[in-house]
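Peer 1: This is data05.pdb (PDB, C-alpha atoms).
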ATOM      1  CA  MET A   1     101.101  85.835  83.047  1.00  0.00           C
ATOM      2  CA  LYS A   2      97.839  84.013  82.235  1.00  0.00           C
ATOM      3  CA  LYS A   3      99.801  81.343  80.378  1.00  0.00           C
ATOM      4  CA  GLU A   4     102.140  80.876  83.340  1.00  0.00           C
ATOM      5  CA  TRP A   5      99.133  80.629  85.667  1.00  0.00           C
ATOM      6  CA  LYS A   6      97.641  77.812  83.587  1.00  0.00           C
ATOM      7  CA  ILE A   7     100.960  75.961  83.663  1.00  0.00           C
ATOM      8  CA  CYS A   8     101.756  76.514  87.362  1.00  0.00           C
ATOM      9  CA  ILE A   9      98.287  76.279  88.869  1.00  0.00           C
ATOM     10  CA  ALA A  10      96.864  73.308  87.013  1.00  0.00           C
ATOM     11  CA  PRO A  11      93.359  72.124  87.997  1.00  0.00           C
ATOM     12  CA  TYR A  12      94.715  69.072  89.821  1.00  0.00           C
ATOM     13  CA  LYS A  13      97.004  71.290  91.922  1.00  0.00           C
ATOM     14  CA  LEU A  14      94.107  73.554  92.805  1.00  0.00           C
ATOM     15  CA  ALA A  15      92.058  70.520  93.796  1.00  0.00           C
ATOM     16  CA  TYR A  16      94.592  68.777  96.017  1.00  0.00           C
ATOM     17  CA  SER A  17      95.791  71.962  97.732  1.00  0.00           C
ATOM     18  CA  ILE A  18      92.279  73.038  98.720  1.00  0.00           C
ATOM     19  CA  LEU A  19      91.223  69.503  99.656  1.00  0.00           C
ATOM     20  CA  PHE A  20      94.354  69.088 101.782  1.00  0.00           C
ATOM     21  CA  LEU A  21      93.633  72.255 103.775  1.00  0.00           C
ATOM     22  CA  LEU A  22      89.961  71.383 104.247  1.00  0.00           C
ATOM     23  CA  LEU A  23      90.788  67.890 105.478  1.00  0.00           C
ATOM     24  CA  PHE A  24      93.363  69.384 107.835  1.00  0.00           C
ATOM     25  CA  ALA A  25      90.681  71.591 109.379  1.00  0.00           C
ATOM     26  CA  LEU A  26      88.411  68.565 109.805  1.00  0.00           C
ATOM     27  CA  VAL A  27      90.856  66.186 111.488  1.00  0.00           C
ATOM     28  CA  ARG A  28      93.101  68.582 113.463  1.00  0.00           C
ATOM     29  CA  GLY A  29      91.357  69.586 116.635  1.00  0.00           C
ATOM     30  CA  VAL A  30      91.918  72.978 118.302  1.00  0.00           C
ATOM     31  CA  THR A  31      90.554  74.500 121.487  1.00  0.00           C
ATOM     32  CA  LEU A  32      92.009  78.006 121.297  1.00  0.00           C
ATOM     33  CA  THR A  33      92.144  80.287 118.274  1.00  0.00           C
ATOM     34  CA  SER A  34      95.861  80.737 118.994  1.00  0.00           C
ATOM     35  CA  GLU A  35      96.333  77.024 118.258  1.00  0.00           C
ATOM     36  CA  ILE A  36      95.091  77.281 114.662  1.00  0.00           C
ATOM     37  CA  GLY A  37      98.284  78.711 113.162  1.00  0.00           C
ATOM     38  CA  PRO A  38     100.688  76.328 114.925  1.00  0.00           C
ATOM     39  CA  ALA A  39      98.465  73.412 113.929  1.00  0.00           C
ATOM     40  CA  LEU A  40      98.452  74.425 110.260  1.00  0.00           C
ATOM     41  CA  MET A  41     102.104  75.287 109.758  1.00  0.00           C
ATOM     42  CA  PRO A  42     103.673  71.790 109.490  1.00  0.00           C
ATOM     43  CA  GLY A  43     101.082  70.811 106.904  1.00  0.00           C
ATOM     44  CA  VAL A  44     101.641  74.030 104.980  1.00  0.00           C
ATOM     45  CA  ALA A  45     105.370  73.273 104.830  1.00  0.00           C
ATOM     46  CA  VAL A  46     104.695  69.906 103.185  1.00  0.00           C
ATOM     47  CA  LEU A  47     102.137  71.419 100.819  1.00  0.00           C
ATOM     48  CA  ALA A  48     104.507  74.199  99.730  1.00  0.00           C
ATOM     49  CA  SER A  49     107.338  71.732  99.083  1.00  0.00           C
ATOM     50  CA  VAL A  50     105.200  69.407  96.970  1.00  0.00           C
ATOM     51  CA  PHE A  51     103.312  72.208  95.218  1.00  0.00           C
ATOM     52  CA  CYS A  52     106.440  74.047  94.036  1.00  0.00           C
ATOM     53  CA  ALA A  53     108.826  71.125  93.460  1.00  0.00           C
ATOM     54  CA  GLU A  54     108.295  71.049  89.699  1.00  0.00           C
ATOM     55  CA  THR A  55     108.624  74.805  89.175  1.00  0.00           C
ATOM     56  CA  SER A  56     111.935  74.651  87.300  1.00  0.00           C
ATOM     57  CA  VAL A  57     111.787  71.080  85.956  1.00  0.00           C
ATOM     58  CA  MET A  58     108.189  70.728  84.703  1.00  0.00           C
ATOM     59  CA  ASP A  59     109.213  71.345  81.075  1.00  0.00           C
ATOM     60  CA  ARG A  60     112.370  69.224  80.913  1.00  0.00           C
ATOM     61  CA  ASN A  61     110.601  66.079  79.756  1.00  0.00           C
ATOM     62  CA  GLY A  62     108.059  67.817  77.533  1.00  0.00           C
ATOM     63  CA  GLN A  63     108.061  69.229  74.039  1.00  0.00           C
ATOM     64  CA  ARG A  64     108.143  72.767  75.433  1.00  0.00           C
ATOM     65  CA  TRP A  65     111.739  72.230  76.586  1.00  0.00           C
ATOM     66  CA  GLU A  66     113.166  72.495  73.060  1.00  0.00           C
ATOM     67  CA  ILE A  67     111.418  75.831  72.629  1.00  0.00           C
ATOM     68  CA  ILE A  68     112.453  77.058  76.069  1.00  0.00           C
ATOM     69  CA  CYS A  69     116.097  76.205  75.352  1.00  0.00           C
ATOM     70  CA  LEU A  70     116.003  78.619  72.418  1.00  0.00           C
ATOM     71  CA  LYS A  71     115.224  81.489  74.772  1.00  0.00           C
ATOM     72  CA  PRO A  72     118.041  83.601  76.233  1.00  0.00           C
ATOM     73  CA  GLU A  73     119.330  82.433  79.593  1.00  0.00           C
ATOM     74  CA  LYS A  74     117.953  85.504  81.368  1.00  0.00           C
ATOM     75  CA  ASN A  75     114.466  84.792  80.033  1.00  0.00           C
ATOM     76  CA  ARG A  76     114.563  81.210  81.331  1.00  0.00           C
ATOM     77  CA  ILE A  77     115.609  82.389  84.770  1.00  0.00           C
ATOM     78  CA  ARG A  78     112.875  85.027  84.812  1.00  0.00           C
ATOM     79  CA  MET A  79     110.360  82.353  83.843  1.00  0.00           C
ATOM     80  CA  ILE A  80     111.338  80.269  86.884  1.00  0.00           C
ATOM     81  CA  TYR A  81     110.990  83.279  89.178  1.00  0.00           C
ATOM     82  CA  ARG A  82     107.583  84.164  87.703  1.00  0.00           C
ATOM     83  CA  ARG A  83     106.304  80.642  88.134  1.00  0.00           C
ATOM     84  CA  TRP A  84     107.537  80.471  91.706  1.00  0.00           C
ATOM     85  CA  ILE A  85     105.969  83.844  92.558  1.00  0.00           C
ATOM     86  CA  ILE A  86     102.599  82.778  91.115  1.00  0.00           C
ATOM     87  CA  GLN A  87     102.595  79.576  93.150  1.00  0.00           C
ATOM     88  CA  ALA A  88     103.870  81.191  96.358  1.00  0.00           C
ATOM     89  CA  VAL A  89     101.277  83.981  96.206  1.00  0.00           C
ATOM     90  CA  TYR A  90      98.499  81.471  95.533  1.00  0.00           C
ATOM     91  CA  LEU A  91      99.573  79.327  98.495  1.00  0.00           C
ATOM     92  CA  TYR A  92      99.940  82.311 100.808  1.00  0.00           C
ATOM     93  CA  VAL A  93      96.500  83.745 100.035  1.00  0.00           C
ATOM     94  CA  THR A  94      94.823  80.328 100.157  1.00  0.00           C
ATOM     95  CA  VAL A  95      96.350  79.380 103.490  1.00  0.00           C
ATOM     96  CA  LEU A  96      95.522  82.807 104.932  1.00  0.00           C
ATOM     97  CA  ALA A  97      91.890  81.977 104.178  1.00  0.00           C
ATOM     98  CA  ALA A  98      92.284  78.396 105.468  1.00  0.00           C
ATOM     99  CA  TYR A  99      92.753  79.839 108.973  1.00  0.00           C
ATOM    100  CA  PHE A 100      89.009  80.440 109.179  1.00  0.00           C
ATOM    101  CA  THR A 101      88.061  76.885 108.200  1.00  0.00           C
ATOM    102  CA  PHE A 102      88.912  75.883 111.776  1.00  0.00           C
ATOM    103  CA  TYR A 103      86.157  78.092 113.153  1.00  0.00           C
ATOM    104  CA  TRP A 104      83.599  75.328 112.682  1.00  0.00           C
ATOM    105  CA  GLN A 105      85.178  73.832 115.836  1.00  0.00           C
ATOM    106  CA  LYS A 106      84.216  77.018 117.710  1.00  0.00           C
ATOM    107  CA  PRO A 107      87.596  77.678 119.352  1.00  0.00           C
ATOM    108  CA  TYR A 108      87.724  80.486 121.900  1.00  0.00           C
ATOM    109  CA  ARG A 109      90.208  83.315 122.211  1.00  0.00           C
ATOM    110  CA  MET A 110      92.138  84.144 125.364  1.00  0.00           C
ATOM    111  CA  ILE A 111      91.392  87.551 126.837  1.00  0.00           C
ATOM    112  CA  GLU A 112      95.088  88.477 126.614  1.00  0.00           C
ATOM    113  CA  ARG A 113      95.113  87.982 122.837  1.00  0.00           C
ATOM    114  CA  THR A 114      93.409  90.124 120.212  1.00  0.00           C
ATOM    115  CA  PHE A 115      92.402  88.871 116.787  1.00  0.00           C
ATOM    116  CA  ALA A 116      94.837  91.332 115.194  1.00  0.00           C
ATOM    117  CA  SER A 117      97.810  90.011 117.192  1.00  0.00           C
ATOM    118  CA  GLU A 118      96.953  86.352 116.587  1.00  0.00           C
ATOM    119  CA  TYR A 119      96.162  86.653 112.904  1.00  0.00           C
ATOM    120  CA  GLY A 120      99.015  89.090 112.304  1.00  0.00           C
ATOM    121  CA  GLY A 121     101.453  86.656 113.890  1.00  0.00           C
ATOM    122  CA  TYR A 122      99.987  83.841 111.820  1.00  0.00           C
ATOM    123  CA  ALA A 123     100.376  85.874 108.609  1.00  0.00           C
ATOM    124  CA  ALA A 124     104.024  86.653 109.412  1.00  0.00           C
ATOM    125  CA  ALA A 125     104.901  83.052 110.314  1.00  0.00           C
ATOM    126  CA  LEU A 126     103.055  81.828 107.221  1.00  0.00           C
ATOM    127  CA  ALA A 127     105.113  84.114 104.986  1.00  0.00           C
ATOM    128  CA  GLY A 128     108.342  82.597 106.300  1.00  0.00           C
ATOM    129  CA  THR A 129     107.005  79.059 105.956  1.00  0.00           C
ATOM    130  CA  VAL A 130     105.759  79.450 102.369  1.00  0.00           C
ATOM    131  CA  LEU A 131     108.944  81.224 101.301  1.00  0.00           C
ATOM    132  CA  PHE A 132     111.358  78.732 102.823  1.00  0.00           C
ATOM    133  CA  TRP A 133     109.666  75.425 102.005  1.00  0.00           C
ATOM    134  CA  SER A 134     108.689  76.381  98.467  1.00  0.00           C
ATOM    135  CA  LEU A 135     112.151  77.709  97.638  1.00  0.00           C
ATOM    136  CA  ILE A 136     114.180  74.854  99.099  1.00  0.00           C
ATOM    137  CA  SER A 137     112.090  72.482  97.014  1.00  0.00           C
ATOM    138  CA  VAL A 138     112.677  74.538  93.858  1.00  0.00           C
ATOM    139  CA  VAL A 139     116.436  74.786  94.468  1.00  0.00           C
ATOM    140  CA  ILE A 140     116.993  71.074  95.164  1.00  0.00           C
ATOM    141  CA  SER A 141     114.729  70.022  92.288  1.00  0.00           C
ATOM    142  CA  ASN A 142     116.639  72.192  89.833  1.00  0.00           C
ATOM    143  CA  LEU A 143     120.012  71.103  91.175  1.00  0.00           C
ATOM    144  CA  ALA A 144     119.127  67.410  90.863  1.00  0.00           C
ATOM    145  CA  LYS A 145     116.915  67.924  87.789  1.00  0.00           C
ATOM    146  CA  SER A 146     114.190  65.979  89.575  1.00  0.00           C
ATOM    147  CA  GLN A 147     111.160  67.172  91.498  1.00  0.00           C
ATOM    148  CA  TRP A 148     111.271  63.988  93.585  1.00  0.00           C
ATOM    149  CA  ALA A 149     114.708  64.954  94.878  1.00  0.00           C
ATOM    150  CA  GLY A 150     113.324  68.318  95.950  1.00  0.00           C
ATOM    151  CA  ILE A 151     110.397  66.697  97.720  1.00  0.00           C
ATOM    152  CA  GLY A 152     112.603  64.028  99.317  1.00  0.00           C
ATOM    153  CA  VAL A 153     115.134  66.453 100.775  1.00  0.00           C
ATOM    154  CA  SER A 154     112.320  68.696 102.014  1.00  0.00           C
ATOM    155  CA  VAL A 155     110.622  65.762 103.750  1.00  0.00           C
ATOM    156  CA  LEU A 156     113.869  64.725 105.459  1.00  0.00           C
ATOM    157  CA  LEU A 157     114.396  68.270 106.724  1.00  0.00           C
ATOM    158  CA  TRP A 158     110.740  68.421 107.795  1.00  0.00           C
ATOM    159  CA  ILE A 159     111.073  65.205 109.816  1.00  0.00           C
ATOM    160  CA  THR A 160     114.237  66.499 111.492  1.00  0.00           C
ATOM    161  CA  THR A 161     112.962  69.946 112.463  1.00  0.00           C
ATOM    162  CA  ASN A 162     109.308  69.133 113.143  1.00  0.00           C
ATOM    163  CA  SER A 163     110.162  66.861 116.057  1.00  0.00           C
ATOM    164  CA  THR A 164     110.992  66.983 119.738  1.00  0.00           C
ATOM    165  CA  THR A 165     114.641  66.491 118.762  1.00  0.00           C
ATOM    166  CA  GLY A 166     114.499  69.494 116.470  1.00  0.00           C
ATOM    167  CA  GLU A 167     112.823  71.557 119.157  1.00  0.00           C
ATOM    168  CA  ARG A 168     115.453  70.555 121.703  1.00  0.00           C
ATOM    169  CA  LEU A 169     118.389  71.214 119.369  1.00  0.00           C
ATOM    170  CA  PHE A 170     117.283  74.495 117.792  1.00  0.00           C
ATOM    171  CA  GLY A 171     114.813  75.956 120.273  1.00  0.00           C
ATOM    172  CA  ARG A 172     113.493  79.343 119.210  1.00  0.00           C
ATOM    173  CA  TYR A 173     115.658  79.174 116.050  1.00  0.00           C
ATOM    174  CA  ASN A 174     113.885  76.063 114.821  1.00  0.00           C
ATOM    175  CA  LEU A 175     112.131  76.272 111.452  1.00  0.00           C
ATOM    176  CA  PHE A 176     108.964  75.219 113.290  1.00  0.00           C
ATOM    177  CA  ALA A 177     109.425  77.462 116.315  1.00  0.00           C
ATOM    178  CA  TYR A 178     105.975  78.922 115.652  1.00  0.00           C
ATOM    179  CA  SER A 179     104.347  75.495 115.916  1.00  0.00           C
ATOM    180  CA  PHE A 180     106.203  74.613 119.105  1.00  0.00           C
ATOM    181  CA  CYS A 181     105.591  77.934 120.845  1.00  0.00           C
ATOM    182  CA  ASP A 182     103.497  78.023 123.987  1.00  0.00           C
ATOM    183  CA  SER A 183     100.495  80.089 122.913  1.00  0.00           C
ATOM    184  CA  MET A 184      99.709  80.857 126.568  1.00  0.00           C
ATOM    185  CA  GLY A 185     103.284  81.585 127.662  1.00  0.00           C
ATOM    186  CA  ALA A 186     105.002  84.887 128.212  1.00  0.00           C
ATOM    187  CA  LYS A 187     107.643  84.064 125.572  1.00  0.00           C
ATOM    188  CA  TRP A 188     105.095  83.341 122.866  1.00  0.00           C
ATOM    189  CA  ASN A 189     106.652  85.801 120.408  1.00  0.00           C
ATOM    190  CA  GLU A 190     110.050  84.046 120.397  1.00  0.00           C
ATOM    191  CA  TRP A 191     108.909  82.065 117.350  1.00  0.00           C
ATOM    192  CA  ALA A 192     109.858  85.188 115.370  1.00  0.00           C
ATOM    193  CA  TYR A 193     113.509  84.065 115.497  1.00  0.00           C
ATOM    194  CA  GLY A 194     112.681  80.888 113.597  1.00  0.00           C
ATOM    195  CA  THR A 195     110.656  82.835 111.031  1.00  0.00           C
ATOM    196  CA  LEU A 196     113.541  85.263 110.550  1.00  0.00           C
ATOM    197  CA  ILE A 197     115.867  82.324 109.880  1.00  0.00           C
ATOM    198  CA  GLN A 198     113.436  81.071 107.236  1.00  0.00           C
ATOM    199  CA  ILE A 199     113.308  84.461 105.521  1.00  0.00           C
ATOM    200  CA  LEU A 200     117.092  84.887 105.512  1.00  0.00           C
ATOM    201  CA  LEU A 201     117.616  81.414 104.052  1.00  0.00           C
ATOM    202  CA  SER A 202     114.936  82.163 101.463  1.00  0.00           C
ATOM    203  CA  ILE A 203     116.955  85.143 100.250  1.00  0.00           C
ATOM    204  CA  VAL A 204     119.934  82.821  99.798  1.00  0.00           C
ATOM    205  CA  PHE A 205     117.751  80.366  97.855  1.00  0.00           C
ATOM    206  CA  LEU A 206     116.525  83.145  95.556  1.00  0.00           C
ATOM    207  CA  VAL A 207     120.125  83.911  94.622  1.00  0.00           C
ATOM    208  CA  LEU A 208     120.928  80.216  94.186  1.00  0.00           C
ATOM    209  CA  ILE A 209     118.077  79.708  91.707  1.00  0.00           C
ATOM    210  CA  SER A 210     119.824  81.937  89.177  1.00  0.00           C
ATOM    211  CA  ILE A 211     123.268  80.430  89.798  1.00  0.00           C
ATOM    212  CA  ILE A 212     122.057  76.830  89.552  1.00  0.00           C
ATOM    213  CA  GLU A 213     119.970  77.438  86.427  1.00  0.00           C
ATOM    214  CA  LYS A 214     123.011  78.880  84.646  1.00  0.00           C
ATOM    215  CA  ARG A 215     124.998  75.736  85.437  1.00  0.00           C
ATOM    216  CA  VAL A 216     122.401  73.038  84.788  1.00  0.00           C
ATOM    217  CA  SER A 217     121.390  74.602  81.476  1.00  0.00           C
ATOM    218  CA  LYS A 218     124.876  74.305  80.015  1.00  0.00           C
TER     219      LYS A 218
END
Could you spell out this file's structure in structure tokens?
Peer 2:
Amino acid sequence: MKKEWKICIAPYKLAYSILFLLLFALVRGVTLTSEIGPALMPGVAVLASVFCAETSVMDRNGQRWEIICLKPEKNRIRMIYRRWIIQAVYLYVTVLAAYFTFYWQKPYRMIERTFASEYGGYAAALAGTVLFWSLISVVISNLAKSQWAGIGVSVLLWITTNSTTGERLFGRYNLFAYSFCDSMGAKWNEWAYGTLIQILLSIVFLVLISIIEKRVSK
């Protein structure tokens, strides 16, 4: 596991992920604490896509690939899952902590909202976001044998769904329903539908990783 950590979480990835989140907290203004999560989520989607894009293709152009090809197919597939899990857990924990970097702006909390409800909702929406955007990047990258393909497709989907058009077309089922929700409205919790869609699609992607790896490795 330590070896996989060194490969997946290289120093440059640690640096740009943390710097990205800190810069986001500096330039993205918020007034209410309930605005922190929705403000972060689109950026987290991009970060997860870029961060995990090379999960299954990072060794294809290196000397390690010849050694990896000697391993049984099941071992190669397990390696991809392990690497993805390491990266997804790192991103999830890091972005959970990034929530508090916005507190330098001294946002206030509405009386109707408790910290537990706000942060709990943020944690749930974050789980769906990290799962979906990291996995779609892994799947497309492996299918096309290029991390740039994974990033490109993810960006196109991001542009489509993180827009007024996406909000109008998909409503509460949008991948970014959490970001578009009215934090002061009575229907604030309807973003859960979009998060559920992300989780369900992530399960499909997890199955596809194994299927695609078996085909591209032949």
Peer 1: Identify which of the residues A:Lys13, A:Lys145, A:Arg76, A:Lys2 lies closest to A:Leu91, counting all atoms listed in the file when measuring atom-to-atom distances.
Peer 2: A:Lys13
Peer 1: Name every residue that the PyMOL selection byres ((chain A and resi 151) around 8) selects in this structure, writing the answer as a list in words with chains first and numbers rising.
Peer 2: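 Given this file, the PyMOL selection byres ((chain A and resi 151) around 8) evaluates to Ser49, Val50, Ala53, Ser137, Ser141, Gln147, Trp148, Ala149, Gly150, Gly152, Val153, Ser154 and Val155 of chain A.
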Peer 1: Could you give me, as a ChimeraX atom specification, the residues that have an atom at most 9 Å away from the point (103.9, 82.6, 109.6) in the coordinates of the file, using all atoms listed in the file?
Peer 2: /A:37-38,41,120-130,178,192,195
Peer 1: Could you work out how far atom CA of A:Val138 lies from atom CA of A:Glu54, giving the answer in Å with one decimal?
Peer 2: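 Distance between the two atoms: 7.0 Å.
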Peer 1: Run the PyMOL selection byres ((chain A and resi 203-205) around 9) against the file shown and list the residues it catches, as number ranges by chain.
Peer 2: A: 131-132, 135-136, 138-139, 198-202, 206-209
Peer 1: Which of these, A:Leu157, A:Trp133, A:Trp191, A:Ser117, has the shortest distance to A:Thr33 once you count all atoms listed in the file?
Peer 2: A:Ser117
Peer 1: Expand the PyMOL selection byres ((chain A and resi 31) around 10) into the individual residues it matches in the shown file, reporting them as a PDB file with C-alpha atoms, in the coordinates of the input.
Peer 2:
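result-v9.pdb written:
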ATOM      1  CA  GLY A  29      91.357  69.586 116.635  1.00  0.00           C
ATOM      2  CA  VAL A  30      91.918  72.978 118.302  1.00  0.00           C
ATOM      3  CA  LEU A  32      92.009  78.006 121.297  1.00  0.00           C
ATOM      4  CA  THR A  33      92.144  80.287 118.274  1.00  0.00           C
ATOM      5  CA  SER A  34      95.861  80.737 118.994  1.00  0.00           C
ATOM      6  CA  GLU A  35      96.333  77.024 118.258  1.00  0.00           C
ATOM      7  CA  ILE A  36      95.091  77.281 114.662  1.00  0.00           C
ATOM      8  CA  PHE A 102      88.912  75.883 111.776  1.00  0.00           C
ATOM      9  CA  GLN A 105      85.178  73.832 115.836  1.00  0.00           C
ATOM     10  CA  LYS A 106      84.216  77.018 117.710  1.00  0.00           C
ATOM     11  CA  PRO A 107      87.596  77.678 119.352  1.00  0.00           C
ATOM     12  CA  TYR A 108      87.724  80.486 121.900  1.00  0.00           C
ATOM     13  CA  ARG A 109      90.208  83.315 122.211  1.00  0.00           C
TER      14      ARG A 109
END
Peer 1: Please provide the set of residues having any atom within 7 Å of stretch 171-177 of chain A, restricted to only C-alpha atoms, with same-chain residues fewer than 2 positions apart removed, written as a PyMOL selection string.
Peer 2: chain A and resi 161-162+166-169+179-181+190-191+193-195+197-198
Peer 1: Out of A:Tyr81, A:Trp158, A:Phe20, A:Phe115, which residue has the shortest atom-to-atom distance to A:Val95 when counting all atoms listed in the file?
Peer 2: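 Residue with the minimum atom-to-atom distance to A:Val95: A:Phe20.
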Peer 1: If you measure from atom CA of A:Leu22 to atom CA of A:Cys8, what distance in Å do you get, rounded to one decimal?
Peer 2: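 That distance, rounded to one decimal, is 21.2 Å.
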